[in-house]
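A.B. asks: Data: start24.txt, compact mmCIF, C-alpha atoms.
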# COMPACT_ATOMS: atom_id res chain seq x y z
CA ALA C 194 23.26 36.04 -13.19
CA LEU C 195 20.65 33.55 -14.41
CA ARG C 196 21.72 30.05 -13.54
CA GLU C 197 21.08 27.12 -15.92
CA THR C 198 19.01 24.51 -14.09
CA ASP C 199 18.52 21.99 -16.91
CA THR C 200 21.84 20.21 -16.50
CA PHE C 201 21.00 16.52 -16.12
CA ASP C 202 20.85 13.83 -18.78
CA THR C 203 17.32 13.06 -19.99
CA PHE C 204 17.44 9.53 -18.53
CA PHE C 205 18.22 11.06 -15.15
CA GLU C 206 15.38 13.55 -15.38
CA SER C 207 12.86 10.96 -16.57
CA SER C 208 13.64 8.47 -13.82
CA TRP C 209 10.92 9.75 -11.49
CA TYR C 210 8.42 11.57 -13.78
CA PHE C 211 5.79 8.87 -13.15
CA ALA C 212 5.56 10.05 -9.55
CA ARG C 213 5.06 13.63 -10.78
CA TYR C 214 2.23 12.47 -13.07
CA ALA C 215 0.46 11.19 -9.97
CA SER C 216 0.71 14.64 -8.38
CA PRO C 217 1.22 17.18 -11.19
CA HIS C 218 0.10 20.46 -9.62
CA GLU C 219 2.52 20.87 -6.72
CA THR C 220 4.66 24.04 -6.65
CA ASP C 221 6.52 23.53 -3.39
CA CYS C 222 7.53 19.87 -3.86
CA GLY C 223 8.05 17.32 -6.58
CA PHE C 224 4.97 15.26 -5.62
CA LYS C 225 2.81 14.44 -2.64
CA LYS C 226 3.53 11.13 -1.02
CA ASP C 227 -0.10 10.10 -0.46
CA LEU C 228 -1.04 10.72 -4.10
CA ALA C 229 2.03 8.90 -5.43
CA ASN C 230 1.35 5.94 -3.14
CA HIS C 231 -2.27 5.86 -4.34
CA TRP C 232 -1.54 5.79 -8.09
CA LEU C 233 1.77 3.95 -8.25
CA PRO C 234 3.24 1.60 -9.30
CA VAL C 235 2.62 2.07 -13.03
CA ASP C 236 0.62 -0.86 -14.43
CA GLN C 237 2.53 -1.36 -17.68
CA TYR C 238 6.01 -0.29 -18.83
CA ILE C 239 6.62 -0.47 -22.60
CA GLY C 240 9.96 0.32 -24.21
CA GLY C 241 12.74 -0.85 -26.49
CA ILE C 242 15.59 -2.98 -25.24
CA GLU C 243 17.73 0.11 -24.59
CA HIS C 244 15.05 1.35 -22.19
CA ALA C 245 15.04 -1.96 -20.37
CA VAL C 246 18.79 -1.65 -19.87
CA LEU C 247 19.08 2.04 -19.08
CA HIS C 248 15.89 3.88 -18.16
CA LEU C 249 14.34 0.95 -16.31
CA LEU C 250 17.50 0.55 -14.25
CA TYR C 251 17.60 4.24 -13.36
CA ALA C 252 13.88 4.40 -12.57
CA ARG C 253 14.13 1.42 -10.24
CA PHE C 254 17.16 2.98 -8.51
CA PHE C 255 15.35 6.31 -8.03
CA THR C 256 12.24 4.59 -6.69
CA LYS C 257 14.20 2.62 -4.12
CA ALA C 258 16.18 5.72 -3.13
CA LEU C 259 12.96 7.73 -2.72
CA ARG C 260 11.54 4.88 -0.65
CA ASP C 261 14.60 4.75 1.60
CA CYS C 262 14.43 8.53 2.04
CA GLY C 263 10.76 8.37 3.04
CA TYR C 264 9.23 10.00 -0.05
CA LEU C 265 7.52 6.83 -1.33
CA ASP C 266 6.26 3.57 0.14
CA ILE C 267 6.46 1.42 -3.02
CA ASP C 268 9.36 -0.93 -3.81
CA GLU C 269 9.12 -1.04 -7.61
CA PRO C 270 7.99 1.67 -10.06
CA PHE C 271 6.32 -0.67 -12.61
CA LYS C 272 4.12 -3.75 -12.31
CA GLY C 273 4.68 -5.12 -15.81
CA LEU C 274 7.48 -4.85 -18.39
CA PHE C 275 6.99 -5.27 -22.14
CA THR C 276 10.05 -4.94 -24.38
CA GLN C 277 8.97 -4.06 -27.92
CA GLY C 278 10.86 -4.91 -31.08
CA MET C 279 12.51 -2.49 -33.49
CA VAL C 280 11.49 -1.47 -37.02
CA CYS C 281 14.21 -2.69 -39.41
CA HIS C 282 15.18 -2.09 -43.03
CA GLU C 283 17.92 -3.15 -45.44
CA THR C 284 21.02 -0.96 -45.62
CA TYR C 285 22.62 0.33 -48.83
CA LYS C 286 26.06 1.63 -49.81
CA ASP C 287 27.33 3.09 -53.07
CA VAL C 288 30.64 2.22 -54.78
CA ASP C 289 32.45 4.73 -52.57
CA GLY C 290 31.11 3.20 -49.35
CA ASN C 291 28.61 5.99 -48.62
CA TRP C 292 25.27 5.15 -47.04
CA LEU C 293 22.20 5.61 -49.24
CA PHE C 294 18.55 6.20 -48.43
CA PRO C 295 16.08 3.55 -49.71
CA THR C 296 14.58 6.22 -51.97
CA GLU C 297 17.95 6.53 -53.73
CA VAL C 298 18.07 2.83 -54.64
CA GLU C 299 16.33 0.78 -57.32
CA LYS C 300 15.97 -2.95 -56.72
CA LYS C 301 16.22 -5.18 -59.78
CA PRO C 302 14.21 -8.40 -60.34
CA ASP C 303 17.40 -10.46 -60.03
CA GLY C 304 17.99 -9.13 -56.48
CA THR C 305 20.73 -6.64 -57.37
CA ALA C 306 20.42 -2.92 -56.74
CA VAL C 307 21.62 0.23 -58.46
CA LYS C 308 21.78 3.90 -57.60
CA ILE C 309 18.86 5.68 -59.24
CA LYS C 310 20.89 8.81 -59.95
CA ASP C 311 23.61 7.25 -62.11
CA GLY C 312 22.91 3.50 -62.36
CA THR C 313 26.07 2.50 -60.47
CA PRO C 314 26.01 -0.72 -58.42
CA VAL C 315 24.76 -0.62 -54.84
CA THR C 316 25.81 -3.00 -52.09
CA VAL C 317 22.80 -4.33 -50.20
CA GLY C 318 23.57 -4.88 -46.53
CA ARG C 319 21.72 -6.79 -43.85
CA SER C 320 18.49 -5.53 -42.36
CA GLU C 321 19.14 -3.44 -39.25
CA LYS C 322 17.27 -1.19 -36.88
CA MET C 323 16.26 1.99 -38.69
CA SER C 324 18.97 4.52 -38.01
CA LYS C 325 19.72 8.07 -39.13
CA SER C 326 23.43 7.24 -39.26
CA LYS C 327 22.90 4.38 -41.75
CA TYR C 328 20.18 6.14 -43.76
CA ASN C 329 17.93 3.03 -43.75
CA LEU C 330 14.88 5.14 -42.96
CA VAL C 331 11.48 5.43 -44.60
CA ASP C 332 10.13 8.98 -44.56
CA PRO C 333 6.82 9.01 -42.64
CA GLU C 334 5.53 11.79 -44.89
CA THR C 335 5.93 9.55 -47.91
CA ILE C 336 4.11 6.70 -46.15
CA LEU C 337 1.26 8.93 -45.02
CA SER C 338 0.79 10.65 -48.38
CA THR C 339 0.89 7.35 -50.29
CA TYR C 340 -0.97 4.92 -48.02
CA GLY C 341 -2.40 6.89 -45.09
CA ALA C 342 -1.77 6.60 -41.36
CA ASP C 343 -4.30 3.79 -40.86
CA ALA C 344 -2.61 1.50 -43.38
CA ALA C 345 0.75 2.12 -41.70
CA ARG C 346 -0.74 1.27 -38.30
CA VAL C 347 -2.40 -1.90 -39.61
CA PHE C 348 0.84 -3.11 -41.20
CA MET C 349 3.01 -2.40 -38.17
CA LEU C 350 0.58 -4.10 -35.78
CA SER C 351 -0.35 -7.09 -37.93
CA ASP C 352 2.91 -8.20 -39.49
CA THR C 353 4.89 -9.32 -36.43
CA PRO C 354 4.39 -9.97 -32.69
CA PRO C 355 5.17 -6.65 -30.97
CA GLU C 356 8.04 -8.10 -28.97
CA ARG C 357 9.92 -9.04 -32.17
CA ASP C 358 11.65 -6.83 -34.74
CA LEU C 359 9.54 -5.72 -37.71
CA GLU C 360 10.94 -5.87 -41.24
CA TRP C 361 9.61 -2.88 -43.18
CA THR C 362 8.59 -3.86 -46.71
CA GLU C 363 6.64 -2.16 -49.50
CA ALA C 364 4.67 -5.37 -50.04
CA GLY C 365 3.62 -5.43 -46.39
CA ILE C 366 2.19 -1.93 -46.26
CA ASP C 367 0.63 -2.35 -49.71
CA GLY C 368 -1.26 -5.38 -48.37
CA ALA C 369 -2.48 -3.36 -45.37
CA TRP C 370 -3.62 -0.58 -47.72
CA ARG C 371 -5.62 -3.06 -49.81
CA TYR C 372 -7.27 -4.41 -46.65
CA ILE C 373 -8.29 -0.89 -45.58
CA ASN C 374 -9.80 -0.34 -49.03
CA ARG C 375 -11.71 -3.60 -48.77
CA LEU C 376 -13.22 -2.49 -45.46
CA TRP C 377 -14.31 0.78 -47.07
CA ARG C 378 -16.03 -1.05 -49.94
CA MET C 379 -17.83 -3.26 -47.43
CA ALA C 380 -18.97 -0.17 -45.52
CA VAL C 381 -20.39 1.33 -48.70
CA ALA C 382 -22.25 -1.91 -49.47
CA CYS C 383 -23.50 -2.43 -45.90
CA PRO C 384 -27.31 -2.81 -45.72
CA ALA C 385 -29.40 -0.20 -43.93
CA GLU C 386 -30.23 -0.82 -40.28
CA THR C 387 -32.82 -3.59 -39.97
CA LYS C 388 -34.73 -4.96 -36.99
CA GLN C 389 -33.73 -8.43 -35.91
CA PRO C 390 -36.31 -10.88 -37.24
CA GLU C 391 -37.69 -13.67 -35.08
CA LYS C 392 -35.98 -16.32 -37.18
CA LEU C 393 -32.51 -16.25 -38.74
CA SER C 394 -30.97 -18.45 -41.39
CA ALA C 395 -28.22 -20.82 -40.31
CA ALA C 396 -25.67 -18.65 -42.14
CA ALA C 397 -26.88 -15.47 -40.44
CA GLU C 398 -26.79 -17.03 -36.99
CA LYS C 399 -23.31 -18.38 -37.67
CA LEU C 400 -22.08 -14.89 -38.60
CA ILE C 401 -23.58 -13.32 -35.48
CA ARG C 402 -21.89 -15.98 -33.38
CA ALA C 403 -18.61 -15.23 -35.16
CA ALA C 404 -18.99 -11.54 -34.30
CA HIS C 405 -19.56 -12.26 -30.60
CA LYS C 406 -16.64 -14.65 -30.56
CA ALA C 407 -14.43 -12.01 -32.21
CA VAL C 408 -15.39 -9.48 -29.53
CA ALA C 409 -14.35 -11.85 -26.75
CA LEU C 410 -11.09 -12.94 -28.38
CA VAL C 411 -9.97 -9.54 -29.74
CA THR C 412 -10.66 -7.86 -26.39
CA ASP C 413 -8.46 -10.42 -24.66
CA ASP C 414 -5.75 -10.11 -27.33
CA LEU C 415 -5.60 -6.32 -27.04
CA ASP C 416 -5.45 -6.49 -23.24
CA LYS C 417 -2.48 -8.85 -23.54
CA LEU C 418 -0.74 -6.77 -26.27
CA ARG C 419 -1.20 -9.53 -28.88
CA PHE C 420 -1.93 -7.01 -31.62
CA ASN C 421 -0.96 -9.24 -34.53
CA VAL C 422 -3.24 -12.01 -33.26
CA ALA C 423 -6.10 -9.51 -32.79
CA LEU C 424 -5.73 -8.33 -36.38
CA ALA C 425 -5.67 -11.91 -37.65
CA ARG C 426 -9.00 -12.49 -35.92
CA LEU C 427 -10.40 -9.25 -37.38
CA ARG C 428 -9.40 -10.41 -40.86
CA GLU C 429 -11.21 -13.69 -40.18
CA LEU C 430 -14.34 -11.76 -39.22
CA THR C 431 -13.93 -9.61 -42.35
CA ASN C 432 -13.89 -12.76 -44.49
CA ALA C 433 -16.92 -14.16 -42.68
CA VAL C 434 -18.90 -10.95 -43.32
CA GLY C 435 -17.82 -10.86 -46.95
CA ASP C 436 -18.81 -14.51 -47.49
CA LEU C 437 -22.41 -14.04 -46.33
CA LYS C 438 -24.93 -14.24 -49.18
CA ILE C 439 -27.78 -11.84 -48.47
CA ASN C 440 -31.14 -13.45 -49.25
CA ASP C 441 -33.52 -11.96 -46.68
CA ASP C 442 -33.86 -9.38 -43.90
CA GLY C 443 -32.26 -11.73 -41.42
CA ASP C 444 -29.13 -11.88 -43.53
CA LYS C 445 -29.14 -8.08 -43.82
CA TYR C 446 -29.40 -7.79 -40.04
CA ALA C 447 -26.56 -10.26 -39.49
CA TYR C 448 -24.31 -8.53 -42.05
CA ARG C 449 -24.81 -5.10 -40.51
CA PHE C 450 -24.44 -6.36 -36.93
CA ALA C 451 -21.21 -8.19 -37.72
CA PHE C 452 -19.78 -5.37 -39.83
CA GLU C 453 -20.54 -2.70 -37.22
CA THR C 454 -18.90 -4.96 -34.64
CA LEU C 455 -15.87 -5.24 -36.92
CA VAL C 456 -15.67 -1.45 -37.30
CA ARG C 457 -15.85 -0.94 -33.54
CA LEU C 458 -13.13 -3.52 -32.90
CA MET C 459 -10.92 -1.96 -35.59
CA SER C 460 -11.26 1.57 -34.18
CA PRO C 461 -8.17 1.52 -31.89
CA ILE C 462 -6.08 0.16 -34.77
CA ALA C 463 -7.36 2.27 -37.67
CA PRO C 464 -9.10 5.20 -35.97
CA HIS C 465 -9.43 7.55 -38.94
CA ILE C 466 -11.11 5.31 -41.50
CA THR C 467 -13.36 3.66 -38.91
CA GLU C 468 -14.69 7.06 -37.81
CA GLU C 469 -15.62 7.74 -41.46
CA MET C 470 -17.24 4.33 -41.74
CA TRP C 471 -19.19 4.87 -38.52
CA HIS C 472 -20.51 8.18 -39.84
CA ASN C 473 -21.41 6.68 -43.24
CA LEU C 474 -23.28 3.88 -41.48
CA GLY C 475 -25.68 6.54 -40.22
CA HIS C 476 -24.37 7.28 -36.73
CA ASP C 477 -24.11 10.87 -35.49
CA THR C 478 -21.79 10.09 -32.56
CA LEU C 479 -18.03 9.72 -32.46
CA LEU C 480 -16.98 6.09 -32.60
CA ALA C 481 -14.15 6.89 -30.18
CA ALA C 482 -16.78 7.91 -27.62
CA GLU C 483 -18.81 4.70 -27.98
CA LYS C 484 -18.63 1.95 -25.37
CA TRP C 485 -16.42 -1.00 -26.22
CA PRO C 486 -18.56 -3.92 -27.46
CA GLU C 487 -19.33 -6.76 -25.07
CA ALA C 488 -19.67 -10.37 -26.13
CA ASP C 489 -22.68 -12.50 -25.29
CA ALA C 490 -20.99 -15.46 -23.63
CA SER C 491 -23.62 -17.90 -24.86
CA MET C 492 -23.15 -16.71 -28.45
CA ALA C 493 -19.35 -16.59 -28.22
CA ALA C 494 -19.02 -20.17 -27.02
CA ASP C 495 -18.19 -22.79 -29.65
CA ASP C 496 -21.15 -25.06 -30.35
CA THR C 497 -19.05 -27.43 -32.47
CA VAL C 498 -15.52 -28.79 -32.20
CA THR C 499 -13.05 -30.21 -34.70
CA MET C 500 -11.69 -33.57 -33.52
CA ALA C 501 -8.65 -35.35 -34.92
CA VAL C 502 -9.23 -38.95 -35.98
CA GLN C 503 -6.33 -41.38 -35.71
CA VAL C 504 -5.93 -45.03 -36.73
CA MET C 505 -3.26 -46.78 -34.69
CA GLY C 506 -1.94 -43.40 -33.55
CA LYS C 507 -1.59 -41.91 -37.05
CA MET C 508 -3.70 -38.94 -38.15
CA ARG C 509 -6.23 -39.94 -40.83
CA GLY C 510 -8.68 -37.03 -40.84
CA THR C 511 -10.89 -34.76 -38.77
CA ILE C 512 -14.58 -34.57 -37.91
CA GLU C 513 -16.73 -31.52 -37.13
CA ILE C 514 -19.21 -32.46 -34.41
CA ALA C 515 -21.38 -30.87 -31.74
CA LYS C 516 -19.43 -29.97 -28.62
CA ASP C 517 -19.66 -32.54 -25.81
CA SER C 518 -21.28 -35.15 -28.08
CA ASP C 519 -21.63 -38.60 -26.53
CA ASP C 520 -18.90 -41.10 -27.33
CA GLU C 521 -21.08 -43.30 -29.54
CA ALA C 522 -21.93 -40.39 -31.86
CA VAL C 523 -18.24 -39.46 -32.04
CA LYS C 524 -17.21 -43.02 -32.85
CA ALA C 525 -19.83 -43.31 -35.58
CA ALA C 526 -18.72 -40.06 -37.21
CA ALA C 527 -15.04 -41.11 -37.07
CA LEU C 528 -15.68 -44.55 -38.58
CA ALA C 529 -17.70 -42.95 -41.40
CA LEU C 530 -14.66 -41.10 -42.73
CA PRO C 531 -13.54 -42.59 -46.10
CA THR C 532 -9.87 -42.39 -45.08
CA VAL C 533 -10.59 -44.30 -41.89
CA LYS C 534 -12.61 -46.94 -43.75
CA ALA C 535 -9.71 -47.47 -46.12
CA GLN C 536 -7.27 -48.00 -43.26
CA LEU C 537 -9.58 -50.46 -41.49
CA GLU C 538 -10.36 -52.60 -44.52
CA GLY C 539 -9.71 -56.26 -43.69
CA LYS C 540 -8.92 -55.47 -40.06
CA THR C 541 -10.76 -56.00 -36.78
CA ILE C 542 -11.42 -53.01 -34.50
CA ARG C 543 -10.09 -53.82 -31.03
CA LYS C 544 -10.79 -50.54 -29.28
CA ILE C 545 -11.88 -46.95 -29.95
CA ILE C 546 -10.48 -44.35 -27.57
CA VAL C 547 -12.28 -41.01 -27.35
CA VAL C 548 -10.70 -37.97 -25.69
CA LYS C 549 -13.61 -35.60 -25.17
CA ASN C 550 -13.77 -32.81 -27.78
CA LYS C 551 -10.20 -33.54 -28.93
CA ILE C 552 -9.13 -36.87 -30.42
CA VAL C 553 -10.52 -40.23 -31.57
CA ASN C 554 -8.01 -43.10 -31.86
CA VAL C 555 -9.05 -46.37 -33.49
CA VAL C 556 -7.02 -49.44 -32.50
CA ALA C 557 -7.27 -52.30 -34.99
CA ALA C 558 -5.44 -55.49 -35.94
Would you put the structure from the file into C-alpha cells?
C.D. replies:
Amino acid sequence: ALRETDTFDTFFESSWYFARYASPHETDCGFKKDLANHWLPVDQYIGGIEHAVLHLLYARFFTKALRDCGYLDIDEPFKGLFTQGMVCHETYKDVDGNWLFPTEVEKKPDGTAVKIKDGTPVTVGRSEKMSKSKYNLVDPETILSTYGADAARVFMLSDTPPERDLEWTEAGIDGAWRYINRLWRMAVACPAETKQPEKLSAAAEKLIRAAHKAVALVTDDLDKLRFNVALARLRELTNAVGDLKINDDGDKYAYRFAFETLVRLMSPIAPHITEEMWHNLGHDTLLAAEKWPEADASMAADDTVTMAVQVMGKMRGTIEIAKDSDDEAVKAAALALPTVKAQLEGKTIRKIIVVKNKIVNVVAA
C-alpha cells in the first residue's frame, strides 16, 4: 500500500520552511544545522494579521522546539515583523439578501445602488476585507486588461500606508493610470543625452539637486517599507521635472538626468513601463540589471530652510533663507515680512528669539 504522507495542516508544514530554504538540497535530513545557523534568523517577516496570530506563533514554537532538541542555535525565527493591511471593498446585497459582485451593481449619483440585471434596489454594506464569501472582489483580469499591472501596483502602494487597510476605488486606480501615462509622455519628450556643460542655470541646478535628494529619501523610504511616502516623493520629482523650462543644453542635461533618475527609482514599483521607458531613452541594458542610483550627499543636502516667523508666539508667516544663516540676517528677513510689519506697527520690539533653522519669534509691546 502507498501511504499518504501529506497529512498536516499547511500552517504546521510551513512553520519551519525558512530553515529548509537555508539548506535546500539535503536528502537525508530536513536541513543542516551549520547552514541554518548561518542564514537565520530571517531579516523581515511580512504578513496579514492572521499570520501574526497563527503562523508566527507556530513558527516561533517550532524554532524553540528545534533549539531545545539541538537542531538549531537561534532563539527566534524572525528579526523583524511587519503586519500589512488588507484590501477592502464595499459589500452589496440584492432584495433577497444574496451577495452581489461589484460588477453586478450600478452606483447612482445620489449614492443609491441598483442591480444592473433588473434595476432592483441594492443594499450597500460597509467596506470589508475582500472575501470570496461576500463577493466584494475585483477581478484581477479586469484590472490588468483595463489599467495594466503597473497602474494597479502604483495605486496599491501609494494610496495608504502598508500597515493600514486599503479601500479599493475606481477613482484611485484611475488616478494611478493617469500618472503612468504622464510618465510615458515625459519619456517621449525627454531630450537626447547631452554632456553636462560647465555652467548650469539656477533652475537646472535646482532640479539636479532635487533628483539627488529624491534618491536619498526614496531609498530610505523603501528600506523602511514606507511605500506611500516614497511614491509621494517620486510624484514631487515628476512635478519638478515637468516644471523645468528648457532654454539651453544645461536645461536639457538636467531634465534628462532627473527623468532617468525618476525612471530608475520607479522601477521596483512599476517595472514593466519603466523597462520600456529605459529602452526608449536609448539604453540597451535591462533596467532591472542596473545598479541602484546613489545620491551625492553634497547635492542632496538642503541649502535653504523654511523658517516660521512668530509675533508674540503666534504664526505670522515664513521665510526661505540659506541654511545656517547668521541671526542678524534671519532677523532682518523676518522683520521685512509685510504681515510682521503690520503686527508690529506702533509697538516696540523687546526681543527677537532665533531658533537656528527653525523659528523666529518677535517679542514686542
A.B. asks: Env of stretch 392-404 of chain C: 9 Å cut, atoms = only C-alpha atoms, seq-sep filter 6 positions within chain, self excluded. Answer as an MDAnalysis selection string.
C.D. replies: chainID C and resid 430 433:434 437:439 441:448 450:452 454:455 488:489 491:495
A.B. asks: I'd like the contact shell of stretch 315-330 of chain C - 8 Å cut-off, all atoms listed in the file, skipping same-chain residues fewer than 4 positions apart - returned as a VMD selection string.
C.D. replies: chain C and resid 279 to 288 292 to 295 298 305 to 308 360
A.B. asks: What's around C:Pro354 at 7 Å? Count all atoms listed in the file, leave out sequence neighbours fewer than 2 positions away in its own chain, and write the answer as a list in words.
C.D. replies: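 Once the nearby chain positions are removed, what remains is Glu356, Arg357, Arg419 and Asn421 of chain C.
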A.B. asks: With only C-alpha atoms as the atoms that count, which of C:Lys300, C:His248, C:Lys257, C:Arg346 lies nearest to C:Pro461?
C.D. replies: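 Of C:Lys300, C:His248, C:Lys257, C:Arg346, the one nearest C:Pro461, counting only C-alpha atoms, is C:Arg346.
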A.B. asks: For atom CA of C:Lys226 and atom CA of C:Lys272, determine how far apart the two atoms are, in Å to one decimal place.
C.D. replies: 18.7 Å
A.B. asks: Give me the residues near C:Met470 as a list in words, where near means some atom within 8 Å (using all atoms listed in the file) and where sequence neighbours in that chain fewer than 2 positions away do not count.
C.D. replies: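 Contacts, in chain order: Trp377, Ala380, Val456, Ile466, Thr467, Glu468, His472, Asn473 and Leu474 of chain C.
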A.B. asks: Generate a file of the selected residues that holds C-alpha atoms, formatted as a compact mmCIF listing (two decimals), in the frame of the given file.
C.D. replies:
# COMPACT_ATOMS: atom_id res chain seq x y z
CA TRP C 377 -14.31 0.78 -47.07
CA ALA C 380 -18.97 -0.17 -45.52
CA VAL C 456 -15.67 -1.45 -37.30
CA ILE C 466 -11.11 5.31 -41.50
CA THR C 467 -13.36 3.66 -38.91
CA GLU C 468 -14.69 7.06 -37.81
CA HIS C 472 -20.51 8.18 -39.84
CA ASN C 473 -21.41 6.68 -43.24
CA LEU C 474 -23.28 3.88 -41.48
A.B. asks: Determine, counting all atoms listed in the file, which protein, DNA and RNA residues have an atom within 9 Å of an atom of C:Lys507; residues of the same chain fewer than 4 positions away are not included. Present the result as a PyMOL selection string.
C.D. replies: chain C and resi 502-503+554
A.B. asks: Under the rule that only C-alpha atoms are counted, which of C:Ala557, C:Ala342, C:Ala525, C:Leu195 is the nearest residue to C:Gly539?
C.D. replies: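 Checking each of C:Ala557, C:Ala342, C:Ala525, C:Leu195 against C:Gly539, counting only C-alpha atoms, the winner is C:Ala557.
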A.B. asks: Rank C:Glu513, C:Asp199, C:Glu363, C:Glu243 by their smallest atom-to-atom distance to C:Thr296, using all atoms listed in the file, and report the top residue only.
C.D. replies: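 The closest residue to C:Thr296 is C:Glu363.
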A.B. asks: Using only C-alpha atoms, give me every residue within 9 Å of (4.7, -0.8, -15.4) in file coordinates, as a ChimeraX atom specification.
C.D. replies: /C:234-239,269-275
A.B. asks: Which is closest to C:Val547 among C:Met505, C:Arg428, C:Lys524, C:Asp416, if we use all atoms listed in the file?
C.D. replies: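 Among the listed residues, the smallest separation from C:Val547 belongs to C:Lys524.
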A.B. asks: So, counting all atoms listed in the file, which residue among C:Arg457, C:Ala463, C:Asn440, C:Ala252 is closest to C:Phe348?
C.D. replies: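 Closest residue, counting all atoms listed in the file: C:Ala463.
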A.B. asks: Can you work out the spacing between atom CA of C:Asp496 and atom CA of C:Ala515 in Å, to one decimal?
C.D. replies: 6.0 Å
A.B. asks: Could you please determine the separation between atom CA of C:Phe255 and atom CA of C:Phe211 in Å, to one decimal place?
C.D. replies: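 Between these atoms lies a distance of 11.1 Å.
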A.B. asks: Could you give me, as a compact mmCIF listing (two decimals) with C-alpha atoms, in the coordinates of the input, the residues that sit within 12 Å of (-11.7, -48.3, -40.5) in the file's coordinates, counting only C-alpha atoms?
C.D. replies:
# COMPACT_ATOMS: atom_id res chain seq x y z
CA VAL C 502 -9.23 -38.95 -35.98
CA GLN C 503 -6.33 -41.38 -35.71
CA VAL C 504 -5.93 -45.03 -36.73
CA MET C 505 -3.26 -46.78 -34.69
CA ARG C 509 -6.23 -39.94 -40.83
CA GLY C 510 -8.68 -37.03 -40.84
CA LYS C 524 -17.21 -43.02 -32.85
CA ALA C 525 -19.83 -43.31 -35.58
CA ALA C 526 -18.72 -40.06 -37.21
CA ALA C 527 -15.04 -41.11 -37.07
CA LEU C 528 -15.68 -44.55 -38.58
CA ALA C 529 -17.70 -42.95 -41.40
CA LEU C 530 -14.66 -41.10 -42.73
CA PRO C 531 -13.54 -42.59 -46.10
CA THR C 532 -9.87 -42.39 -45.08
CA VAL C 533 -10.59 -44.30 -41.89
CA LYS C 534 -12.61 -46.94 -43.75
CA ALA C 535 -9.71 -47.47 -46.12
CA GLN C 536 -7.27 -48.00 -43.26
CA LEU C 537 -9.58 -50.46 -41.49
CA GLU C 538 -10.36 -52.60 -44.52
CA GLY C 539 -9.71 -56.26 -43.69
CA LYS C 540 -8.92 -55.47 -40.06
CA THR C 541 -10.76 -56.00 -36.78
CA ILE C 542 -11.42 -53.01 -34.50
CA ARG C 543 -10.09 -53.82 -31.03
CA LYS C 544 -10.79 -50.54 -29.28
CA ILE C 545 -11.88 -46.95 -29.95
CA ASN C 554 -8.01 -43.10 -31.86
CA VAL C 555 -9.05 -46.37 -33.49
CA VAL C 556 -7.02 -49.44 -32.50
CA ALA C 557 -7.27 -52.30 -34.99
CA ALA C 558 -5.44 -55.49 -35.94
A.B. asks: Emit as AutoDock Vina command-line options the padded axis-aligned box for all listed atoms of stretch 403-407 of chain C, 8 Å per side, with centre and edge lengths in Å to one decimal.
C.D. replies:
--center_x -17.0 --center_y -13.4 --center_z -32.9 --size_x 21.1 --size_y 19.7 --size_z 20.6
A.B. asks: Check the smallest atom-to-atom distance from each of C:Val347, C:Ala385, C:Val411, C:Ala481 to C:Ala423 using all atoms listed in the file, then report the winner.
C.D. replies: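 Looking only at the distances to C:Ala423, the closest residue turns out to be C:Val411.
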